[in-house]
file query00.cif (mmCIF, C-alpha atoms and all ligand atoms)
data_query
loop_
_atom_site.label_atom_id
_atom_site.label_comp_id
_atom_site.auth_asym_id
_atom_site.auth_seq_id
_atom_site.Cartn_x
_atom_site.Cartn_y
_atom_site.Cartn_z
CA MET A 1 -29.82 -0.01 6.52
CA LYS A 2 -29.81 0.43 2.76
CA VAL A 3 -27.84 3.30 1.21
CA LEU A 4 -28.23 4.50 -2.38
CA VAL A 5 -24.86 5.68 -3.73
CA THR A 6 -25.13 7.84 -6.85
CA GLY A 7 -21.87 7.82 -8.81
CA GLY A 8 -20.80 4.75 -6.84
CA CYS A 9 -18.54 3.45 -9.62
CA GLY A 10 -16.42 6.60 -9.51
CA TYR A 11 -13.24 7.27 -7.60
CA ILE A 12 -14.58 8.37 -4.21
CA GLY A 13 -17.90 6.53 -4.60
CA SER A 14 -16.27 3.13 -5.10
CA HIS A 15 -14.11 3.51 -1.98
CA THR A 16 -17.16 4.62 -0.03
CA CYS A 17 -19.13 1.56 -1.21
CA VAL A 18 -16.32 -0.59 0.24
CA GLU A 19 -16.55 1.18 3.59
CA LEU A 20 -20.35 0.97 3.64
CA LEU A 21 -20.35 -2.77 2.90
CA GLU A 22 -17.61 -3.39 5.46
CA ASN A 23 -19.71 -1.51 8.03
CA GLY A 24 -22.78 -3.66 7.49
CA TYR A 25 -24.80 -1.41 5.18
CA GLU A 26 -26.64 -2.70 2.12
CA VAL A 27 -25.59 -0.76 -0.97
CA VAL A 28 -27.45 0.19 -4.16
CA VAL A 29 -25.40 2.02 -6.81
CA VAL A 30 -26.71 4.10 -9.69
CA ASP A 31 -24.10 5.28 -12.17
CA ASN A 32 -24.25 6.11 -15.88
CA LEU A 33 -20.56 5.17 -16.30
CA SER A 34 -19.82 8.54 -17.93
CA ASN A 35 -16.55 8.62 -15.99
CA SER A 36 -16.12 5.07 -14.72
CA LYS A 37 -16.27 1.43 -15.70
CA LYS A 38 -18.70 -1.31 -14.76
CA ASP A 39 -15.95 -3.70 -13.62
CA VAL A 40 -15.56 -1.50 -10.53
CA VAL A 41 -18.72 -3.18 -9.19
CA ASP A 42 -17.03 -6.59 -9.30
CA LYS A 43 -13.91 -5.16 -7.70
CA ILE A 44 -15.94 -3.74 -4.80
CA LYS A 45 -17.55 -7.17 -4.35
CA LYS A 46 -14.15 -8.84 -4.49
CA ILE A 47 -12.65 -6.55 -1.85
CA THR A 48 -15.57 -6.80 0.54
CA LYS A 49 -16.92 -10.27 -0.24
CA HIS A 50 -20.38 -8.68 -0.10
CA ASP A 51 -22.96 -8.20 -2.80
CA LEU A 52 -24.39 -4.91 -3.99
CA THR A 53 -27.11 -3.88 -6.42
CA PHE A 54 -26.07 -1.92 -9.50
CA TYR A 55 -28.27 0.16 -11.81
CA GLN A 56 -26.60 1.54 -14.92
CA GLY A 57 -28.40 4.79 -15.63
CA ASP A 58 -28.60 8.51 -15.23
CA VAL A 59 -29.63 10.23 -12.01
CA CYS A 60 -31.24 12.93 -14.17
CA ASN A 61 -33.69 10.28 -15.41
CA LEU A 62 -36.76 10.77 -13.19
CA THR A 63 -38.47 7.59 -14.38
CA LEU A 64 -35.44 5.44 -13.58
CA MET A 65 -34.94 7.06 -10.19
CA ASP A 66 -38.60 6.57 -9.36
CA GLN A 67 -38.32 2.89 -10.28
CA ILE A 68 -35.24 2.46 -8.08
CA PHE A 69 -36.94 4.04 -5.07
CA ALA A 70 -40.13 2.05 -5.68
CA LYS A 71 -38.21 -1.23 -5.80
CA GLU A 72 -35.51 -0.72 -3.16
CA LYS A 73 -36.31 0.33 0.38
CA ILE A 74 -33.70 3.08 0.55
CA ASP A 75 -32.92 4.58 3.98
CA ALA A 76 -30.35 7.21 2.99
CA VAL A 77 -28.48 8.54 -0.04
CA ILE A 78 -24.90 9.59 -0.72
CA HIS A 79 -24.87 11.77 -3.84
CA PHE A 80 -21.51 11.65 -5.64
CA ALA A 81 -22.75 11.71 -9.25
CA ALA A 82 -21.48 14.86 -10.95
CA TYR A 83 -19.02 16.13 -13.52
CA LYS A 84 -15.89 17.43 -11.81
CA ALA A 85 -13.31 18.72 -14.33
CA VAL A 86 -12.70 22.39 -13.53
CA GLY A 87 -11.17 23.24 -16.95
CA GLU A 88 -13.96 21.59 -18.92
CA SER A 89 -16.53 23.43 -16.81
CA VAL A 90 -15.03 26.71 -18.04
CA THR A 91 -15.24 25.72 -21.72
CA ASN A 92 -18.58 23.88 -21.44
CA PRO A 93 -20.45 25.40 -18.48
CA LEU A 94 -23.94 24.29 -19.56
CA LYS A 95 -22.88 20.64 -19.43
CA TYR A 96 -21.90 21.18 -15.79
CA TYR A 97 -24.94 23.21 -14.75
CA GLN A 98 -27.23 20.69 -16.47
CA ASN A 99 -25.77 17.49 -15.04
CA ASN A 100 -24.80 18.62 -11.56
CA LEU A 101 -27.97 20.62 -10.86
CA ASP A 102 -30.50 18.40 -12.67
CA SER A 103 -29.24 15.21 -11.06
CA THR A 104 -29.55 16.78 -7.60
CA ILE A 105 -33.02 18.20 -8.21
CA VAL A 106 -34.35 14.93 -9.64
CA LEU A 107 -32.79 12.99 -6.78
CA CYS A 108 -34.28 15.26 -4.11
CA GLU A 109 -37.72 15.20 -5.77
CA VAL A 110 -37.76 11.41 -5.73
CA MET A 111 -36.38 11.28 -2.18
CA SER A 112 -39.19 13.60 -1.06
CA LYS A 113 -41.80 11.48 -2.82
CA TYR A 114 -40.60 8.32 -1.07
CA ASN A 115 -40.03 10.13 2.22
CA VAL A 116 -36.30 9.33 2.25
CA LYS A 117 -34.88 12.55 3.65
CA LYS A 118 -31.37 11.53 4.73
CA LEU A 119 -28.72 12.87 2.34
CA VAL A 120 -24.94 13.16 2.26
CA PHE A 121 -23.75 15.48 -0.50
CA SER A 122 -20.28 15.74 -2.10
CA SER A 123 -19.26 19.37 -2.13
CA SER A 124 -15.77 20.71 -2.55
CA ALA A 125 -13.22 23.05 -1.01
CA THR A 126 -13.47 24.88 -4.31
CA VAL A 127 -16.58 26.65 -2.90
CA TYR A 128 -14.22 28.78 -0.77
CA GLY A 129 -12.48 30.27 -3.84
CA ASN A 130 -9.35 32.13 -2.79
CA PRO A 131 -9.51 32.17 1.01
CA LYS A 132 -8.47 35.32 2.87
CA LYS A 133 -7.11 33.30 5.81
CA LEU A 134 -5.82 29.80 6.51
CA PRO A 135 -6.71 27.21 7.66
CA ILE A 136 -10.16 27.27 6.08
CA LYS A 137 -13.16 27.00 8.41
CA GLU A 138 -16.69 26.07 7.35
CA SER A 139 -17.88 29.57 8.27
CA PHE A 140 -15.60 31.30 5.73
CA ALA A 141 -17.07 33.27 2.81
CA LEU A 142 -17.97 31.19 -0.23
CA SER A 143 -16.96 32.46 -3.67
CA PRO A 144 -16.10 29.75 -6.20
CA THR A 145 -14.18 30.95 -9.23
CA ASN A 146 -15.24 28.45 -11.92
CA PRO A 147 -18.54 26.95 -13.17
CA TYR A 148 -17.84 23.57 -11.54
CA GLY A 149 -17.39 25.21 -8.15
CA LYS A 150 -20.45 27.36 -8.77
CA THR A 151 -22.56 24.23 -9.34
CA LYS A 152 -21.43 22.97 -5.93
CA LEU A 153 -22.35 26.25 -4.22
CA MET A 154 -25.70 26.39 -6.05
CA ILE A 155 -26.48 22.86 -4.88
CA GLU A 156 -25.50 23.76 -1.31
CA ASN A 157 -28.00 26.64 -1.54
CA ILE A 158 -30.71 24.41 -3.05
CA LEU A 159 -30.24 21.93 -0.21
CA LYS A 160 -30.42 24.69 2.37
CA ASP A 161 -33.72 25.96 0.85
CA LEU A 162 -35.02 22.41 0.78
CA TYR A 163 -34.31 22.03 4.48
CA ILE A 164 -35.92 25.40 5.24
CA SER A 165 -39.03 24.29 3.35
CA ASP A 166 -39.19 20.96 5.19
CA ASN A 167 -37.14 20.54 8.33
CA THR A 168 -37.64 16.81 8.51
CA TRP A 169 -34.68 16.59 6.07
CA SER A 170 -31.26 15.63 7.39
CA ILE A 171 -28.38 16.72 5.16
CA ALA A 172 -24.60 16.58 5.56
CA VAL A 173 -22.64 18.67 3.07
CA LEU A 174 -19.08 17.40 2.88
CA ARG A 175 -16.47 19.79 1.47
CA TYR A 176 -13.59 17.64 0.30
CA PHE A 177 -10.08 18.99 0.00
CA ASN A 178 -7.74 17.09 -2.40
CA PRO A 179 -8.52 13.35 -2.47
CA VAL A 180 -5.61 11.12 -3.57
CA GLY A 181 -4.41 7.55 -2.97
CA ALA A 182 -6.20 4.28 -3.54
CA HIS A 183 -7.53 1.25 -1.70
CA GLU A 184 -4.73 -0.89 -0.24
CA SER A 185 -5.87 -3.85 -2.38
CA GLY A 186 -4.78 -1.92 -5.48
CA LEU A 187 -8.07 -2.94 -7.11
CA ILE A 188 -9.78 0.45 -7.09
CA GLY A 189 -8.30 3.90 -7.46
CA GLU A 190 -8.35 6.96 -9.65
CA ASP A 191 -8.28 6.20 -13.35
CA PRO A 192 -9.04 9.44 -15.21
CA ASN A 193 -9.77 9.60 -18.93
CA GLY A 194 -6.99 11.01 -21.14
CA ILE A 195 -4.33 13.38 -19.86
CA PRO A 196 -4.98 14.07 -16.17
CA ASN A 197 -5.64 17.57 -14.88
CA ASN A 198 -4.85 16.84 -11.26
CA LEU A 199 -1.45 16.51 -9.70
CA MET A 200 -1.39 12.95 -8.35
CA PRO A 201 -2.83 11.22 -11.45
CA TYR A 202 -0.34 13.18 -13.56
CA ILE A 203 2.58 12.12 -11.35
CA MET A 204 1.37 8.50 -11.66
CA LYS A 205 1.56 8.72 -15.46
CA VAL A 206 5.08 10.17 -15.29
CA ALA A 207 6.11 7.43 -12.86
CA THR A 208 4.95 4.77 -15.34
CA ASN A 209 6.57 6.56 -18.31
CA GLU A 210 3.22 7.20 -19.98
CA LEU A 211 4.02 10.92 -19.87
CA PRO A 212 7.59 12.26 -20.06
CA TYR A 213 7.53 14.86 -17.29
CA LEU A 214 5.30 16.79 -14.92
CA ASN A 215 4.64 20.47 -15.57
CA ILE A 216 4.81 22.25 -12.24
CA PHE A 217 2.55 25.25 -12.54
CA GLY A 218 4.63 28.04 -10.99
CA ASP A 219 7.40 28.21 -8.41
CA ASP A 220 6.90 31.84 -7.43
CA TYR A 221 3.99 31.53 -5.01
CA ASP A 222 4.40 32.76 -1.46
CA THR A 223 4.79 29.21 -0.09
CA ILE A 224 7.54 27.09 1.47
CA ASP A 225 9.26 26.45 -1.90
CA GLY A 226 7.24 28.63 -4.28
CA THR A 227 4.98 25.81 -5.53
CA GLY A 228 1.26 25.52 -4.73
CA VAL A 229 0.20 24.06 -1.38
CA ARG A 230 -2.86 21.81 -0.95
CA ASP A 231 -4.47 19.62 1.69
CA TYR A 232 -4.18 16.11 0.21
CA ILE A 233 -6.40 13.52 1.87
CA HIS A 234 -6.27 9.75 1.43
CA VAL A 235 -9.43 8.56 -0.33
CA VAL A 236 -9.91 5.78 2.26
CA ASP A 237 -9.89 8.34 5.09
CA LEU A 238 -12.32 10.44 3.08
CA SER A 239 -14.61 7.45 2.54
CA LYS A 240 -14.63 6.69 6.25
CA GLY A 241 -15.84 10.27 6.76
CA HIS A 242 -18.94 9.32 4.75
CA ILE A 243 -19.75 6.51 7.18
CA LYS A 244 -19.66 9.02 10.04
CA ALA A 245 -21.79 11.43 8.01
CA ILE A 246 -24.36 8.71 7.24
CA GLU A 247 -24.53 7.80 10.92
CA LYS A 248 -25.10 11.47 11.72
CA VAL A 249 -27.88 12.05 9.17
CA LEU A 250 -29.61 8.85 10.21
CA GLN A 251 -29.77 10.11 13.82
CA ASP A 252 -30.54 13.81 13.35
CA THR A 253 -32.43 16.30 11.28
CA GLY A 254 -30.88 19.56 10.03
CA ILE A 255 -28.31 20.66 7.49
CA ASP A 256 -24.63 20.98 8.34
CA TYR A 257 -21.32 21.49 6.55
CA TYR A 258 -18.03 19.70 7.19
CA ASN A 259 -14.51 20.20 5.86
CA LEU A 260 -12.96 16.82 5.11
CA GLY A 261 -9.23 17.43 4.93
CA THR A 262 -6.20 16.60 7.04
CA GLY A 263 -5.39 20.14 8.09
CA CYS A 264 -1.86 19.80 6.64
CA GLY A 265 -0.69 21.54 3.49
CA TYR A 266 1.97 20.09 1.18
CA SER A 267 3.63 21.80 -1.78
CA VAL A 268 3.85 20.30 -5.26
CA LEU A 269 7.58 19.74 -4.80
CA GLU A 270 7.03 18.03 -1.44
CA ILE A 271 4.56 15.66 -3.10
CA VAL A 272 6.91 14.98 -6.03
CA ASN A 273 9.85 14.29 -3.71
CA THR A 274 7.84 12.09 -1.35
CA PHE A 275 6.38 10.10 -4.25
CA ALA A 276 9.88 9.56 -5.69
CA LYS A 277 11.30 8.54 -2.33
CA VAL A 278 8.65 6.09 -1.11
CA ASN A 279 8.26 4.41 -4.49
CA ASN A 280 11.89 4.60 -5.53
CA VAL A 281 11.06 6.15 -8.91
CA LYS A 282 12.28 9.26 -10.68
CA ILE A 283 9.71 11.96 -11.40
CA ASN A 284 10.97 14.31 -14.12
CA TYR A 285 9.49 17.77 -14.00
CA LYS A 286 9.69 21.22 -15.54
CA ILE A 287 8.69 24.45 -13.91
CA VAL A 288 6.24 26.25 -16.18
CA SER A 289 4.05 29.30 -15.71
CA ARG A 290 1.19 29.40 -13.20
CA ARG A 291 -2.07 27.72 -14.20
CA PRO A 292 -4.79 30.38 -14.56
CA GLY A 293 -7.25 30.28 -11.66
CA ASP A 294 -4.91 28.44 -9.26
CA ILE A 295 -4.47 29.72 -5.74
CA ALA A 296 -1.23 29.61 -3.75
CA CYS A 297 -2.38 27.75 -0.71
CA CYS A 298 -5.43 25.83 0.51
CA TYR A 299 -5.81 23.68 3.60
CA ALA A 300 -8.63 22.84 5.96
CA ASP A 301 -9.39 23.34 9.57
CA PRO A 302 -10.98 19.89 10.03
CA SER A 303 -11.77 20.35 13.74
CA TYR A 304 -15.53 20.74 13.25
CA ALA A 305 -15.72 17.33 11.54
CA TYR A 306 -13.91 15.86 14.53
CA GLU A 307 -16.15 17.62 17.03
CA LYS A 308 -19.43 16.66 15.35
CA LEU A 309 -18.66 13.44 13.47
CA LYS A 310 -15.74 12.13 15.53
CA TRP A 311 -13.87 11.74 12.27
CA ARG A 312 -10.31 12.63 11.46
CA ALA A 313 -7.85 11.57 8.78
CA THR A 314 -5.20 9.10 9.89
CA LYS A 315 -3.14 8.42 6.77
CA GLY A 316 -0.13 10.54 5.87
CA ILE A 317 1.35 11.76 2.65
CA GLU A 318 3.65 8.73 2.35
CA ASP A 319 0.63 6.36 2.47
CA MET A 320 -1.08 8.47 -0.19
CA CYS A 321 1.93 8.32 -2.53
CA ARG A 322 2.55 4.61 -1.91
CA ASP A 323 -1.07 3.54 -2.44
CA SER A 324 -1.47 5.67 -5.59
CA TYR A 325 1.59 4.04 -7.15
CA SER A 326 0.63 0.55 -6.09
CA PHE A 327 -2.81 0.97 -7.74
CA VAL A 328 -1.31 2.10 -11.02
CA MET A 329 1.36 -0.65 -11.03
CA LYS A 330 -1.15 -3.36 -10.20
CA ASN A 331 -3.50 -2.28 -12.96
CA LYS A 332 -0.70 -1.90 -15.47
CA GLU A 333 0.30 -5.52 -14.84
CA HIS A 334 -3.32 -6.55 -15.43
CA GLY A 335 -3.56 -4.84 -18.79
CA TYR A 336 -4.36 -1.28 -17.70
CA LYS A 337 -4.63 0.84 -20.85
CA ASN A 338 -4.71 4.58 -21.22
CA LYS A 339 -8.29 5.32 -22.29
P1 LIG B 401 -15.77 10.50 -10.49
O1 LIG B 401 -15.97 11.17 -11.80
O2 LIG B 401 -14.72 9.47 -10.38
O3 LIG B 401 -17.16 9.86 -10.00
C1 LIG B 401 -18.40 10.41 -10.34
C2 LIG B 401 -19.26 9.26 -10.83
O4 LIG B 401 -20.55 9.77 -11.14
C3 LIG B 401 -18.73 8.61 -12.10
O5 LIG B 401 -18.72 7.21 -11.94
C4 LIG B 401 -19.72 9.02 -13.18
O6 LIG B 401 -19.86 8.02 -14.18
C5 LIG B 401 -20.98 9.22 -12.38
N1 LIG B 401 -21.95 10.20 -12.92
C6 LIG B 401 -21.75 11.48 -13.32
N2 LIG B 401 -22.91 12.06 -13.68
C7 LIG B 401 -23.87 11.10 -13.51
C8 LIG B 401 -25.27 11.08 -13.71
N3 LIG B 401 -25.94 12.15 -14.16
N4 LIG B 401 -25.94 9.95 -13.43
C9 LIG B 401 -25.30 8.84 -12.98
N5 LIG B 401 -23.98 8.81 -12.77
C10 LIG B 401 -23.27 9.93 -13.03
O7 LIG B 401 -15.54 11.66 -9.41
P2 LIG B 401 -15.05 11.56 -7.91
O8 LIG B 401 -13.67 12.09 -7.84
O9 LIG B 401 -15.34 10.23 -7.36
O10 LIG B 401 -15.99 12.66 -7.26
C11 LIG B 401 -17.19 12.30 -6.61
C12 LIG B 401 -17.88 13.57 -6.14
O11 LIG B 401 -17.00 14.30 -5.29
C13 LIG B 401 -18.28 14.53 -7.25
O12 LIG B 401 -19.52 15.12 -6.93
C14 LIG B 401 -17.18 15.54 -7.24
O13 LIG B 401 -17.62 16.79 -7.73
C15 LIG B 401 -16.86 15.63 -5.76
N6 LIG B 401 -15.50 16.10 -5.46
C16 LIG B 401 -14.42 15.45 -6.01
C17 LIG B 401 -13.13 15.93 -5.74
C18 LIG B 401 -11.92 15.27 -6.35
O14 LIG B 401 -10.88 15.92 -6.43
N7 LIG B 401 -12.00 14.02 -6.78
C19 LIG B 401 -12.94 17.04 -4.90
C20 LIG B 401 -14.07 17.65 -4.36
C21 LIG B 401 -15.34 17.17 -4.63
N1 LIG B 402 -0.31 21.02 -10.38
C1 LIG B 402 0.86 21.05 -11.11
N2 LIG B 402 0.91 20.31 -12.24
C2 LIG B 402 -0.12 19.54 -12.69
C3 LIG B 402 -1.32 19.52 -11.93
C4 LIG B 402 -1.37 20.28 -10.78
O1 LIG B 402 1.81 21.74 -10.75
O2 LIG B 402 -0.01 18.91 -13.75
C5 LIG B 402 -0.38 21.79 -9.12
C6 LIG B 402 -1.45 22.86 -9.12
O3 LIG B 402 -0.94 24.08 -9.65
C7 LIG B 402 -1.80 22.95 -7.63
C8 LIG B 402 -1.59 21.52 -7.13
O4 LIG B 402 -0.74 20.89 -8.08
O5 LIG B 402 -0.87 23.78 -6.97
C9 LIG B 402 -2.89 20.73 -7.02
O6 LIG B 402 -3.59 20.78 -8.25
P1 LIG B 402 -4.81 19.81 -8.58
O7 LIG B 402 -5.25 20.12 -9.98
O8 LIG B 402 -4.45 18.42 -8.27
O9 LIG B 402 -5.91 20.24 -7.52
P2 LIG B 402 -6.64 21.65 -7.27
O10 LIG B 402 -6.38 22.01 -5.85
O11 LIG B 402 -6.33 22.64 -8.30
O12 LIG B 402 -8.19 21.26 -7.46
C10 LIG B 402 -8.72 20.06 -6.93
C11 LIG B 402 -9.87 19.57 -7.80
C12 LIG B 402 -11.03 20.49 -7.69
C13 LIG B 402 -11.40 20.67 -6.25
C14 LIG B 402 -10.21 21.15 -5.46
C15 LIG B 402 -10.56 21.25 -4.00
O13 LIG B 402 -9.47 19.53 -9.16
O14 LIG B 402 -12.12 19.95 -8.34
O15 LIG B 402 -9.12 20.25 -5.61
O16 LIG B 402 -11.14 20.06 -3.58
F1 LIG B 402 -12.39 21.56 -6.16
#
call {"tool": "encode", "arguments": {"input": "query00.cif", "output": "structure tokens", "more": "lines below"}}
Ligand code: NAD
Ligand code: UFG
result
Amino acid sequence: MKVLVTGGCGYIGSHTCVELLENGYEVVVVDNLSNSKKDVVDKIKKITKHDLTFYQGDVCNLTLMDQIFAKEKIDAVIHFAAYKAVGESVTNPLKYYQNNLDSTIVLCEVMSKYNVKKLVFSSSATVYGNPKKLPIKESFALSPTNPYGKTKLMIENILKDLYISDNTWSIAVLRYFNPVGAHESGLIGEDPNGIPNNLMPYIMKVATNELPYLNIFGDDYDTIDGTGVRDYIHVVDLSKGHIKAIEKVLQDTGIDYYNLGTGCGYSVLEIVNTFAKVNNVKINYKIVSRRPGDIACCYADPSYAYEKLKWRATKGIEDMCRDSYSFVMKNKEHGYKNK
């Protein structure tokens, strides 16, 4: 079975390529390297001792995508390629609507043309907005609060209409909670450009003294210690969820939606303290005002993914903190530079 992975050089895509190769799939990656580096391809090969085919290019490029499908005999697609920075999507919404929507529409057009109708799509817990109840179930109301999240909901709707128009499609929409951690080899992990927006990459930069302290955005939420609570999921667990989703779409037709989270919420302070403890490092922080648009608490009910995909997360918060730090330390030793 040959799987096309769009955005396969990125954070979640690269870990998923590893899982695919280790599970006997052939892998073709298309990535324009707008938020990743080409050396990730060699690292995936090194980890798995398997080859993969890499196309450097844009999923929005219909000619390129047509050429890829004409040349490769693709059986299924996992579509990661997208822009994902919430803050930037607020200041530059057109960039997000253009890339995230165009890439999906071009991809689906070409898939239709070549009769490849098996798709796994990366959505996000951000589609739920500020949930009225917890834990979050797939059936909850969807109301994203920023342009990035709106692109994800729009794509979910496009995919639903596509299935309604042609029910030979088979689509799994995966709503990720907060992916963190890195592959145990320390070769691949999250390596964001510039100053990170997300908690774990920011903590990693404080741990390595690249940034002086963490700003904790508010300690007056109605949570265990006043700081925001999220459902952090190890990226390797998340990637294994994609293998289950690919197996599912290869067997069935239909469109379905799955929360990929652990079901456990941890506060910012719990993450900071666990990271400091397991890695024996000090994480300096300051409490500052709330970040606009943040919600107090967000965690999944992942039981539907277990029922339908037989998938559940197995790694805990200590693994996530340990593997994140080991990735950053390993890459620092090998000349990791802040981009
Ligand atoms: P990432 O930025 O590390 O990976 C995305 C990859 O896609 C990058 O390698 C980038 O170069 C590539 N890309 C972007 N636009 C492209 C295009 N038009 N053509 C070709 N390549 C393109 O992001 P990630 O964290 O690995 O996220 C993967 C997917 O999961 C995204 O769709 C993202 O929205 C979604 N997601 C991520 C998170 C998270 O917190 N990381 C949470 C929920 C959902
Ligand atoms: N936080 C800080 N300081 C920081 C960064 C974050 O205190 O420097 C706090 C936030 O206030 C929040 C928690 O840490 O309480 C997690 O914040 P992240 O930015 O890491 O993650 P979010 O839950 O805000 O959003 C992330 C992705 C979205 C995605 C969402 C759900 O950025 O794209 O998870 O998957 F949609």
call {"tool": "residues_near_ligand", "arguments": {"input": "query00.cif", "ligand": "ligand LIG 401 (chain B)", "cutoff": "7 Å", "atoms": "all atoms listed in the file", "output": "ChimeraX atom specification"}}
result
/A:6-13,30-36,57-60,80-84,99,103,122-125,175-179,190
call {"tool": "residues_near_ligand", "arguments": {"input": "query00.cif", "ligand": "ligand LIG 402 (chain B)", "cutoff": "8 Å", "atoms": "only C-alpha atoms and all ligand atoms", "output": "ChimeraX atom specification"}}
result
/A:84-86,124-127,148-149,175-179,196-200,202-203,214-218,227-230,267-268,290-291,294-298
call {"tool": "residues_near_point", "arguments": {"input": "query00.cif", "point": "(-15.4, -9.0, -4.3)", "cutoff": "12 Å", "atoms": "all atoms listed in the file", "output": "MDAnalysis selection string"}}
result
chainID A and resid 17:18 21:22 39:52 185 187:188
call {"tool": "residues_around", "arguments": {"input": "query00.cif", "residues": "Met320 of chain A", "least_positions_apart": "5", "cutoff": "10 Å", "atoms": "all atoms listed in the file", "output": "list in words"}}
result
Pro179, Val180, Gly181, Ala182, His183, Met200, Tyr232, Ile233, His234, Val235, Val236, Ile271, Thr274, Phe275, Lys315 and Tyr325 of chain A
call {"tool": "residues_near_point", "arguments": {"input": "query00.cif", "point": "(-29.5, 17.8, 6.6)", "cutoff": "9 Å", "atoms": "all atoms listed in the file", "output": "ChimeraX atom specification"}}
result
/A:117-120,159-160,163,167-173,249,252-257
call {"tool": "residues_around", "arguments": {"input": "query00.cif", "residues": "segment 299-305 of chain A", "least_positions_apart": "6", "cutoff": "7 Å", "atoms": "only C-alpha atoms", "output": "ChimeraX atom specification"}}
result
/A:134-137,230-231,258-265,311
call {"tool": "write_last_selection", "arguments": {"input": "query00.cif", "atoms": "C-alpha atoms", "output": "mmCIF file, in the coordinates of the input"}}
result
data_model
loop_
_atom_site.group_PDB
_atom_site.id
_atom_site.type_symbol
_atom_site.label_atom_id
_atom_site.label_comp_id
_atom_site.auth_asym_id
_atom_site.auth_seq_id
_atom_site.Cartn_x
_atom_site.Cartn_y
_atom_site.Cartn_z
ATOM 1 C CA LEU A 134 -5.820 29.800 6.510
ATOM 2 C CA PRO A 135 -6.710 27.210 7.660
ATOM 3 C CA ILE A 136 -10.160 27.270 6.080
ATOM 4 C CA LYS A 137 -13.160 27.000 8.410
ATOM 5 C CA ARG A 230 -2.860 21.810 -0.950
ATOM 6 C CA ASP A 231 -4.470 19.620 1.690
ATOM 7 C CA TYR A 258 -18.030 19.700 7.190
ATOM 8 C CA ASN A 259 -14.510 20.200 5.860
ATOM 9 C CA LEU A 260 -12.960 16.820 5.110
ATOM 10 C CA GLY A 261 -9.230 17.430 4.930
ATOM 11 C CA THR A 262 -6.200 16.600 7.040
ATOM 12 C CA GLY A 263 -5.390 20.140 8.090
ATOM 13 C CA CYS A 264 -1.860 19.800 6.640
ATOM 14 C CA GLY A 265 -0.690 21.540 3.490
ATOM 15 C CA TRP A 311 -13.870 11.740 12.270
#
call {"tool": "atom_distance", "arguments": {"input": "query00.cif", "atom1": "atom CA of Val116 of chain A", "atom2": "atom CA of Val77 of chain A"}}
result
8.2 Å
call {"tool": "residues_around", "arguments": {"input": "query00.cif", "residues": "Ala207 of chain A", "least_positions_apart": "2", "cutoff": "12 Å", "atoms": "only C-alpha atoms", "output": "PyMOL selection string"}}
result
chain A and resi 200-205+209-214+272+275-277+279-285+321-322+324-326+328-329+332
call {"tool": "closest_residue", "arguments": {"input": "query00.cif", "among": "A:Lys2, A:Tyr55, A:Lys113, A:Leu101", "to": "Glu72 of chain A", "atoms": "all atoms listed in the file"}}
result
A:Lys2
call {"tool": "atom_distance", "arguments": {"input": "query00.cif", "atom1": "atom CA of Ile68 of chain A", "atom2": "atom CA of Lys248 of chain A"}}
result
24.0 Å
